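Have a look at upload-v8.tsv below; it lists TSV, C-alpha atoms.
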chain	number	residue	atom	x	y	z
Z	273	MET	CA	-13.11	-33.24	-6.02
Z	274	ASN	CA	-16.32	-35.09	-6.76
Z	275	GLU	CA	-19.67	-33.47	-7.18
Z	276	SER	CA	-20.99	-33.84	-3.64
Z	277	THR	CA	-17.79	-32.38	-2.19
Z	278	ALA	CA	-18.13	-29.42	-4.51
Z	279	TYR	CA	-21.70	-28.80	-3.40
Z	280	ILE	CA	-20.75	-29.06	0.26
Z	281	LEU	CA	-18.00	-26.56	-0.45
Z	282	TYR	CA	-20.43	-24.15	-2.10
Z	283	LEU	CA	-22.74	-24.56	0.88
Z	284	LEU	CA	-19.90	-23.65	3.19
Z	285	PHE	CA	-19.09	-20.63	1.02
Z	286	ALA	CA	-22.71	-19.53	1.31
Z	287	LEU	CA	-22.57	-19.98	5.07
Z	288	GLY	CA	-19.36	-17.96	5.27
Z	289	GLY	CA	-20.84	-15.29	3.03
Z	290	ALA	CA	-23.87	-15.03	5.31
Z	291	ALA	CA	-21.50	-14.78	8.27
Z	292	VAL	CA	-19.60	-11.89	6.67
Z	293	TYR	CA	-22.87	-10.21	5.76
Z	294	PHE	CA	-24.15	-10.38	9.32
Z	295	LEU	CA	-20.82	-9.33	10.79
Z	296	MET	CA	-20.59	-6.20	8.65
Z	297	PRO	CA	-20.95	-3.08	10.77
Z	298	ARG	CA	-24.42	-1.61	10.64
Z	299	THR	CA	-26.26	1.02	12.60
Z	300	GLU	CA	-29.82	-0.21	12.76
Z	301	ARG	CA	-29.44	-3.59	14.44
Z	302	ASN	CA	-26.58	-5.67	15.69
Z	303	TRP	CA	-26.33	-9.12	14.16
Z	304	THR	CA	-22.82	-9.86	15.38
Z	305	LEU	CA	-23.83	-12.96	17.34
Z	306	VAL	CA	-25.62	-14.53	14.38
Z	307	GLY	CA	-22.67	-13.72	12.16
Z	308	SER	CA	-20.20	-15.21	14.60
Z	309	VAL	CA	-22.20	-18.43	14.85
Z	310	PHE	CA	-22.41	-18.69	11.06
Z	311	GLY	CA	-18.73	-17.95	10.66
Z	312	VAL	CA	-17.59	-20.48	13.24
Z	313	ALA	CA	-19.93	-23.06	11.68
Z	314	ALA	CA	-18.49	-22.38	8.22
Z	315	VAL	CA	-14.89	-22.71	9.42
Z	316	ILE	CA	-15.65	-25.89	11.35
Z	317	GLY	CA	-17.41	-27.34	8.31
Z	318	PHE	CA	-14.41	-26.46	6.16
Z	319	LEU	CA	-12.08	-28.20	8.58
Z	320	VAL	CA	-14.28	-31.30	8.82
Z	321	LEU	CA	-14.47	-31.48	5.03
Z	322	LEU	CA	-10.71	-31.21	4.87
Z	323	ALA	CA	-10.15	-33.82	7.54
Z	324	THR	CA	-12.38	-36.35	5.81
Z	325	ARG	CA	-11.00	-35.65	2.37
Z	326	VAL	CA	-7.28	-35.56	2.84
Z	327	VAL	CA	-5.66	-38.76	3.95
Z	328	ALA	CA	-2.28	-37.75	5.20
Z	329	SER	CA	0.33	-39.64	7.06
Z	330	ASP	CA	2.21	-36.75	8.59
Z	331	GLY	CA	0.90	-34.07	10.88
Z	332	SER	CA	1.06	-31.19	8.44
Z	333	ARG	CA	-2.65	-31.54	7.74
Z	334	TRP	CA	-3.49	-30.47	11.29
Z	335	TYR	CA	-1.14	-27.52	11.01
Z	336	PHE	CA	-2.85	-26.60	7.77
Z	337	CYS	CA	-6.26	-26.79	9.47
Z	338	LEU	CA	-5.07	-24.68	12.39
Z	339	PHE	CA	-3.49	-21.93	10.34
Z	340	ALA	CA	-6.24	-21.91	7.75
Z	341	ALA	CA	-8.78	-21.41	10.53
Z	342	ILE	CA	-6.71	-18.59	12.03
Z	343	ALA	CA	-6.34	-16.93	8.63
Z	344	LEU	CA	-10.05	-17.18	7.83
Z	345	LEU	CA	-11.25	-15.92	11.21
Z	346	GLY	CA	-8.69	-13.11	11.17
Z	347	ALA	CA	-9.64	-12.13	7.63
Z	348	SER	CA	-13.32	-11.99	8.51
Z	349	ARG	CA	-12.53	-9.61	11.36
Z	350	VAL	CA	-10.26	-7.47	9.18
Z	351	ILE	CA	-13.10	-6.66	6.84
Z	352	THR	CA	-15.85	-6.42	9.45
Z	353	HIS	CA	-14.35	-4.74	12.49
Z	354	PRO	CA	-15.77	-1.26	12.99
Z	355	ARG	CA	-12.46	0.16	14.19
Z	356	PRO	CA	-9.56	0.36	11.72
Z	357	VAL	CA	-6.91	-0.15	14.40
Z	358	TYR	CA	-8.32	-3.55	15.24
Z	359	SER	CA	-8.62	-4.36	11.55
Z	360	ALA	CA	-4.89	-3.75	11.22
Z	361	ILE	CA	-4.10	-5.89	14.26
Z	362	TYR	CA	-6.23	-8.74	12.91
Z	363	PHE	CA	-4.43	-8.35	9.62
Z	364	VAL	CA	-1.15	-9.07	11.42
Z	365	MET	CA	-2.78	-12.32	12.54
Z	366	VAL	CA	-3.64	-13.17	8.95
Z	367	VAL	CA	-0.08	-12.41	7.85
Z	368	VAL	CA	1.41	-14.67	10.51
Z	369	ALA	CA	-0.98	-17.50	9.62
Z	370	THR	CA	-0.16	-17.08	5.94
Z	371	ALA	CA	3.55	-17.21	6.70
Z	372	ALA	CA	3.00	-20.45	8.59
Z	373	LEU	CA	1.14	-21.85	5.59
Z	374	LEU	CA	4.08	-20.90	3.39
Z	375	VAL	CA	6.44	-22.72	5.74
Z	376	LEU	CA	4.22	-25.78	5.39
Z	377	GLN	CA	4.75	-25.55	1.64
Z	378	SER	CA	8.54	-25.29	2.19
Z	379	ALA	CA	8.71	-21.67	1.08
Z	380	GLU	CA	10.68	-20.57	4.11
Z	381	PHE	CA	12.33	-17.53	2.58
Z	382	LEU	CA	9.02	-16.14	1.42
Z	383	ALA	CA	7.47	-16.77	4.82
Z	384	VAL	CA	10.17	-14.78	6.59
Z	385	ALA	CA	10.05	-12.05	3.95
Z	386	LEU	CA	6.30	-11.86	4.40
Z	387	ILE	CA	6.60	-11.36	8.13
Z	388	ILE	CA	9.39	-8.80	7.82
Z	389	ILE	CA	7.82	-6.80	5.01
Z	390	TYR	CA	4.16	-7.05	5.91
Z	391	ALA	CA	4.02	-7.30	9.66
Z	392	GLY	CA	7.20	-5.28	10.07
Z	393	ALA	CA	7.00	-2.52	7.52
Z	394	ILE	CA	3.65	-2.20	5.79
Z	395	LEU	CA	1.53	-2.71	8.88
Z	396	VAL	CA	3.55	-0.18	10.85
Z	397	THR	CA	2.93	2.33	8.07
Z	398	TYR	CA	-0.76	1.54	8.24
Z	399	LEU	CA	-0.83	2.01	11.99
Z	400	PHE	CA	0.95	5.33	11.64
Z	401	VAL	CA	-1.58	6.52	9.09
Z	402	ILE	CA	-4.46	5.32	11.26
Z	403	MET	CA	-3.05	7.32	14.15
Z	404	LEU	CA	-2.42	10.37	11.93
Z	405	ALA	CA	-5.85	10.34	10.33
Z	406	GLN	CA	-7.97	9.26	13.25
Z	407	GLN	CA	-11.29	10.87	13.83
Z	408	PRO	CA	-12.58	11.07	17.35
Z	409	GLY	CA	-15.13	8.55	18.47
Z	410	SER	CA	-16.56	6.17	15.98
Z	411	PRO	CA	-17.56	7.96	12.76
Z	412	VAL	CA	-20.58	6.81	10.84
Z	413	TYR	CA	-18.63	5.52	7.85
Z	414	ASP	CA	-17.01	2.96	10.15
Z	415	ARG	CA	-20.31	1.89	11.66
Z	416	ARG	CA	-22.19	1.41	8.41
Z	417	ALA	CA	-21.09	-0.76	5.53
Z	418	ARG	CA	-21.98	0.20	1.99
Z	419	GLU	CA	-24.13	-2.37	0.18
Z	420	PRO	CA	-22.88	-5.38	2.17
Z	421	PHE	CA	-25.27	-7.77	0.46
Z	422	ALA	CA	-24.16	-6.94	-3.07
Z	423	ALA	CA	-20.51	-7.12	-2.01
Z	424	VAL	CA	-20.99	-10.54	-0.41
Z	425	VAL	CA	-22.76	-11.84	-3.51
Z	426	ALA	CA	-19.91	-10.59	-5.73
Z	427	GLY	CA	-17.35	-12.24	-3.47
Z	428	PHE	CA	-19.36	-15.47	-3.40
Z	429	VAL	CA	-19.54	-15.65	-7.19
Z	430	LEU	CA	-15.83	-15.01	-7.53
Z	431	MET	CA	-14.99	-17.60	-4.88
Z	432	GLY	CA	-17.25	-20.20	-6.47
Z	433	ALA	CA	-15.71	-19.59	-9.88
Z	434	ILE	CA	-12.16	-20.00	-8.62
Z	435	ALA	CA	-12.90	-22.95	-6.36
Z	436	GLY	CA	-14.89	-24.67	-9.05
Z	437	ARG	CA	-11.88	-24.44	-11.34
Z	438	ALA	CA	-9.45	-25.52	-8.63
Z	439	GLY	CA	-10.94	-29.00	-9.00
Z	440	ASP	CA	-8.68	-31.91	-8.43
Z	441	LEU	CA	-5.21	-30.62	-8.71
Z	442	PRO	CA	-2.75	-33.43	-8.06
Z	443	THR	CA	-0.82	-33.69	-4.84
Z	444	PRO	CA	2.89	-33.38	-5.50
Z	445	PRO	CA	5.49	-35.02	-3.29
Z	446	SER	CA	6.30	-32.95	-0.26
Z	447	HIS	CA	9.50	-30.95	0.21
Z	448	ALA	CA	10.06	-30.72	-3.48
Z	449	THR	CA	10.82	-27.21	-4.52
Z	450	ARG	CA	13.08	-27.43	-7.49
Z	451	VAL	CA	15.21	-30.28	-6.31
Z	452	ALA	CA	16.94	-30.64	-9.64
Z	453	ASP	CA	18.34	-27.12	-9.79
Z	454	VAL	CA	19.55	-27.00	-6.25
Z	455	THR	CA	21.23	-30.35	-6.46
Z	456	ALA	CA	22.77	-29.34	-9.75
Z	457	ALA	CA	24.17	-26.23	-8.13
Z	458	ASP	CA	25.59	-28.25	-5.30
Z	459	GLY	CA	26.92	-31.08	-7.35
Z	460	ASP	CA	24.91	-33.66	-5.49
Z	461	ALA	CA	23.35	-36.06	-7.93
Z	462	ASN	CA	20.74	-37.83	-5.92
Z	463	GLY	CA	18.12	-36.20	-4.03
Z	464	SER	CA	16.26	-33.90	-1.80
Z	465	PRO	CA	18.44	-33.86	1.34
Z	466	THR	CA	20.53	-31.17	-0.34
Z	467	LEU	CA	17.48	-28.98	-0.58
Z	468	LEU	CA	16.97	-29.14	3.13
Z	469	ALA	CA	20.65	-28.56	3.67
Z	470	THR	CA	21.01	-25.57	1.38
Z	471	GLY	CA	17.58	-24.22	1.98
Z	472	ASN	CA	14.95	-22.47	0.04
Z	473	THR	CA	16.67	-19.06	0.16
Z	474	LEU	CA	19.47	-20.15	-2.15
Z	475	ALA	CA	17.07	-21.60	-4.66
Z	476	VAL	CA	14.83	-18.53	-4.72
Z	477	GLY	CA	17.87	-16.28	-4.93
Z	478	GLN	CA	19.20	-18.20	-7.88
Z	479	VAL	CA	15.93	-17.89	-9.76
Z	480	VAL	CA	15.51	-14.19	-9.00
Z	481	MET	CA	19.10	-13.30	-9.79
Z	482	THR	CA	19.33	-15.21	-13.04
Z	483	LYS	CA	16.01	-15.69	-14.74
Z	484	TYR	CA	14.22	-12.64	-13.37
Z	485	VAL	CA	17.09	-10.21	-13.05
Z	486	VAL	CA	15.45	-7.69	-15.37
Z	487	ALA	CA	12.26	-7.87	-13.34
Z	488	LEU	CA	14.33	-7.33	-10.22
Z	489	GLU	CA	15.82	-4.15	-11.66
Z	490	ILE	CA	12.39	-2.95	-12.69
Z	491	ALA	CA	11.13	-3.65	-9.18
Z	492	GLY	CA	13.91	-1.47	-7.82
Z	493	VAL	CA	13.01	1.34	-10.21
Z	494	LEU	CA	9.36	0.95	-9.21
Z	495	LEU	CA	10.23	1.33	-5.55
Z	496	LEU	CA	12.21	4.47	-6.36
Z	497	VAL	CA	9.33	5.89	-8.39
Z	498	SER	CA	6.88	5.24	-5.58
Z	499	MET	CA	9.21	6.90	-3.09
Z	500	VAL	CA	9.53	9.98	-5.29
Z	501	GLY	CA	5.78	9.99	-5.82
Z	502	ALA	CA	5.00	9.75	-2.13
Z	503	ILE	CA	7.38	12.61	-1.33
Z	504	ALA	CA	5.96	14.72	-4.13
Z	505	MET	CA	2.43	14.12	-2.90
Z	506	SER	CA	3.14	14.95	0.70
Z	507	ARG	CA	5.08	18.09	-0.21
Z	508	LYS	CA	2.18	19.56	-2.10
Z	509	ARG	CA	0.51	22.52	-0.46
Z	510	VAL	CA	-2.96	21.55	0.67
Z	511	ALA	CA	-5.73	23.78	-0.60
Z	512	ASP	CA	-8.14	25.33	1.82
Z	513	ASP	CA	-11.34	23.32	1.89
Z	514	GLY	CA	-13.51	26.17	3.06
Z	515	TRP	CA	-14.06	24.92	6.58
Z	516	ARG	CA	-15.11	27.87	8.72
Z	517	GLY	CA	-16.75	26.05	11.57
Z	518	PRO	CA	-15.50	25.54	15.08
Z	519	PRO	CA	-11.95	24.28	15.51
Z	520	ARG	CA	-11.75	20.64	14.58
Z	521	PRO	CA	-10.92	18.16	17.28
Z	522	LEU	CA	-8.23	15.56	17.68
Z	523	GLY	CA	-6.57	14.30	14.56
Z	524	GLU	CA	-6.82	17.68	12.89
Z	525	VAL	CA	-3.85	19.14	14.70
Z	526	GLY	CA	-1.44	20.73	12.27
Z	527	LYS	CA	-3.98	20.89	9.48
Z	528	GLY	CA	-3.24	24.47	8.62
Z	529	ALA	CA	0.50	24.05	8.77
Z	530	GLU	CA	2.25	24.28	5.44
Z	531	PRO	CA	4.49	21.31	4.80
Z	532	PHE	CA	8.12	22.32	4.33
I	235	MET	CA	0.26	-33.20	3.39
I	236	PRO	CA	-2.68	-31.20	2.06
I	237	GLY	CA	-2.79	-31.05	-1.70
I	238	ILE	CA	-2.76	-28.05	-3.95
I	239	THR	CA	-6.53	-27.76	-4.08
I	240	GLU	CA	-6.88	-26.86	-0.42
I	241	TYR	CA	-4.32	-24.09	-0.68
I	242	VAL	CA	-5.85	-22.70	-3.85
I	243	ILE	CA	-9.31	-22.70	-2.27
I	244	LEU	CA	-7.96	-21.01	0.83
I	245	GLY	CA	-6.28	-18.41	-1.37
I	246	ALA	CA	-9.54	-17.90	-3.24
I	247	VAL	CA	-11.43	-17.42	0.02
I	248	LEU	CA	-8.92	-14.88	1.28
I	249	PHE	CA	-9.05	-13.05	-2.05
I	250	ALA	CA	-12.86	-13.00	-2.04
I	251	MET	CA	-12.92	-11.74	1.54
I	252	GLY	CA	-10.61	-8.93	0.50
I	253	LEU	CA	-12.94	-8.17	-2.39
I	254	VAL	CA	-15.95	-8.04	-0.07
I	255	GLY	CA	-14.12	-5.70	2.26
I	256	PHE	CA	-13.00	-3.56	-0.65
I	257	LEU	CA	-16.56	-3.21	-1.93
I	258	ALA	CA	-18.43	-2.90	1.32
I	259	ARG	CA	-16.30	-0.78	3.63
I	260	ARG	CA	-16.26	2.99	3.46
I	261	ASN	CA	-13.14	3.82	5.42
I	262	LEU	CA	-10.27	4.47	3.00
I	263	ILE	CA	-7.72	2.80	5.27
I	264	VAL	CA	-9.82	-0.36	5.62
I	265	ILE	CA	-10.31	-0.41	1.85
I	266	PHE	CA	-6.55	-0.52	1.35
I	267	LEU	CA	-6.20	-3.13	4.09
I	268	SER	CA	-8.65	-5.24	2.11
I	269	THR	CA	-6.41	-5.04	-0.95
I	270	GLU	CA	-3.55	-6.28	1.21
I	271	LEU	CA	-5.79	-9.18	2.19
I	272	MET	CA	-6.27	-9.96	-1.49
I	273	PHE	CA	-2.49	-9.97	-1.88
I	274	GLN	CA	-2.27	-12.58	0.87
I	275	GLY	CA	-4.67	-14.82	-1.00
I	276	VAL	CA	-2.64	-14.48	-4.18
I	277	VAL	CA	0.61	-15.27	-2.34
I	278	VAL	CA	-0.88	-18.48	-0.90
I	279	ALA	CA	-2.15	-19.57	-4.31
I	280	ALA	CA	1.10	-18.65	-6.11
I	281	VAL	CA	3.22	-20.68	-3.72
I	282	ALA	CA	0.80	-23.61	-4.03
I	283	PHE	CA	1.13	-23.52	-7.80
I	284	ALA	CA	4.90	-23.34	-7.48
I	285	ARG	CA	4.70	-26.58	-5.53
I	286	LEU	CA	2.38	-28.08	-8.13
I	287	HIS	CA	4.82	-27.40	-10.95
I	288	GLN	CA	7.88	-28.29	-8.89
I	289	ASN	CA	9.67	-25.05	-9.58
I	290	LEU	CA	10.23	-21.72	-7.93
I	291	GLU	CA	8.61	-19.38	-10.39
I	292	GLY	CA	5.57	-18.99	-8.20
I	293	GLN	CA	7.74	-18.08	-5.25
I	294	ALA	CA	9.67	-15.55	-7.31
I	295	PHE	CA	6.34	-14.13	-8.45
I	296	ALA	CA	5.17	-13.88	-4.86
I	297	LEU	CA	8.39	-12.05	-3.99
I	298	PHE	CA	7.70	-9.46	-6.68
I	299	LEU	CA	4.17	-9.28	-5.36
I	300	LEU	CA	5.57	-8.19	-2.02
I	301	VAL	CA	7.41	-5.38	-3.82
I	302	ILE	CA	4.18	-4.27	-5.47
I	303	ALA	CA	2.41	-4.42	-2.11
I	304	ALA	CA	5.06	-2.19	-0.56
I	305	VAL	CA	4.81	0.29	-3.44
I	306	GLU	CA	1.04	0.27	-3.21
I	307	ALA	CA	1.04	0.79	0.53
I	308	GLY	CA	3.46	3.70	0.29
I	309	LEU	CA	1.60	5.53	-2.45
I	310	ALA	CA	-1.90	4.71	-1.25
I	311	LEU	CA	-1.25	5.76	2.31
I	312	GLY	CA	0.37	8.98	1.14
I	313	MET	CA	-2.75	9.63	-0.86
I	314	VAL	CA	-5.01	8.77	2.09
I	315	VAL	CA	-3.21	11.30	4.26
I	316	LEU	CA	-3.50	13.89	1.49
I	317	LEU	CA	-7.23	13.26	1.06
I	318	PHE	CA	-7.77	13.35	4.80
I	319	ARG	CA	-6.03	16.68	5.07
I	320	ARG	CA	-8.26	18.07	2.36
I	321	LYS	CA	-11.65	16.99	3.66
I	322	GLY	CA	-11.02	15.95	7.23
I	323	THR	CA	-12.73	12.61	6.74
I	324	LEU	CA	-11.74	9.12	5.65
I	325	ASP	CA	-15.12	8.38	4.13
I	326	ALA	CA	-14.80	7.17	0.55
I	327	GLU	CA	-18.25	8.57	-0.13
I	328	ALA	CA	-16.93	12.06	0.48
I	329	TRP	CA	-15.17	11.81	-2.88
I	330	SER	CA	-18.15	10.50	-4.77
I	331	MET	CA	-18.35	13.60	-6.92
I	332	MET	CA	-15.71	11.92	-9.02
I	333	ARG	CA	-18.43	9.46	-9.98
I	334	GLY	CA	-19.32	9.74	-13.65

Let me see whether you can do it: turn the structure in this file into structure tokens.
Amino acid sequence: MNESTAYILYLLFALGGAAVYFLMPRTERNWTLVGSVFGVAAVIGFLVLLATRVVASDGSRWYFCLFAAIALLGASRVITHPRPVYSAIYFVMVVVATAALLVLQSAEFLAVALIIIYAGAILVTYLFVIMLAQQPGSPVYDRRAREPFAAVVAGFVLMGAIAGRAGDLPTPPSHATRVADVTAADGDANGSPTLLATGNTLAVGQVVMTKYVVALEIAGVLLLVSMVGAIAMSRKRVADDGWRGPPRPLGEVGKGAEPF
Amino acid sequence: MPGITEYVILGAVLFAMGLVGFLARRNLIVIFLSTELMFQGVVVAAVAFARLHQNLEGQAFALFLLVIAAVEAGLALGMVVLLFRRKGTLDAEAWSMMRG
């Protein structure tokens, strides 16, 4: 990455930061249109920069552009949408785009695991909690962001630091995830076709089950601990918070009920 | 095929967006959604680095990251429900008396 490219990139970051700042929910005045224009301009600039920079023979560059754009637009809506339900739905979009990007990097197992675990399990939990803890209408803490400018500046600095260090990492040959090990396991001496034949799942499984088997056990223990912790938390009797006003509306049903 | 740099930058952007959401939003649920967004950025970058080094350690790392994300979601959402039952609001500011 030469100097001018880096400055164009920083400019695009600034544009995207301004877009996020204007898209943040606020009560006084609605800047959503300005934010959308900025955001679309930033994403288009990013894609143009990418298209001029990367000289690729196959079509994966266009897939990268497409899914990167989906991920970025979805992410900007996740953090700016005033209603949490829509945030969660946009997050599903980000997860799917990320999974597609992982497929492009020949990490198929991880892509499928991401969709199953995130879109299938974690997001459903989120939606359940959103439905359980929903306040009627649109409460003020959803309509007003807290210090959006400072947050955007912090994110911009972090992004610039990482991207500045990303520099010119070399481009490795495609479809090359640990060819040597997989071929060794299969007894095929020469080459990548075996990888495509056996797949990425076998290779990842071999690494996790041999080199990181202790970490795998610890991960299992961690899951157990979190399950016990979640049950212990939800079993706890909730103290009275001193609310003596009128009966609370929707979302408060069952508040006084003692769990178990 | 796009190089590593593009993926790392994309991961950085996703991570920074998650950070912005984490800092700026006040709804507890959206705050935790923002951390999940940061996880996505890290997964993209980890897999890109795995491709850079031609091994699968980054992918194994990303797999463990999914475990941590599941643990975090379970505990955090349990806590969110608990806090909501106590105060009847999801506003993070409602708990600002814990500020030092």

May I ask which of the residues Z:Val384, Z:Ala422, Z:Val364, Z:Leu374 is the closest one to I:Ala284, counting only C-alpha atoms?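 When distances to I:Ala284 are compared using only C-alpha atoms, the smallest one comes from Z:Leu374.
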
Write out as a PDB file with C-alpha atoms, keeping the file's coordinate frame each polymer residue whose atoms come within 9 Å of I:Met313, counting only C-alpha atoms; drop sequence neighbours fewer than 6 positions from it.
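The resulting out28.pdb:
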ATOM      1  CA  ALA Z 502       5.000   9.750  -2.130  1.00  0.00           C
ATOM      2  CA  MET Z 505       2.430  14.120  -2.900  1.00  0.00           C
ATOM      3  CA  SER Z 506       3.140  14.950   0.700  1.00  0.00           C
TER       4      SER Z 506
END

Record the distance separating atom CA of I:Val314 and atom CA of Z:Ala360, expressed in Å with one decimal.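 Atom CA of I:Val314 sits 15.5 Å away from atom CA of Z:Ala360.
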
Interface, chain I side, toward chain Z (6 Å; all atoms listed in the file) as a ChimeraX atom specification: /I:235-239,243,246,250,254-255,257-260,286,288-289,305,309,312,325

Would you work out the distance separating atom CA of I:Leu324 from atom CA of I:Leu248, expressed in Å to one decimal?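 Computing it gives 24.6 Å between the two atoms.
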
Hey, can you check how far atom CA of I:Leu253 sits from atom CA of Z:Val312?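 Atom CA of I:Leu253 sits 20.4 Å away from atom CA of Z:Val312.
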
Let me have the centre and edge lengths of the axis-aligned box enclosing all listed atoms of stretch 298-309 of chain I with 6 Å padding on every side, in Å to one decimal, as lines of an AutoDock Vina configuration file.
center_x = 4.4
center_y = -2.0
center_z = -3.1
size_x = 18.7
size_y = 27.0
size_z = 19.2
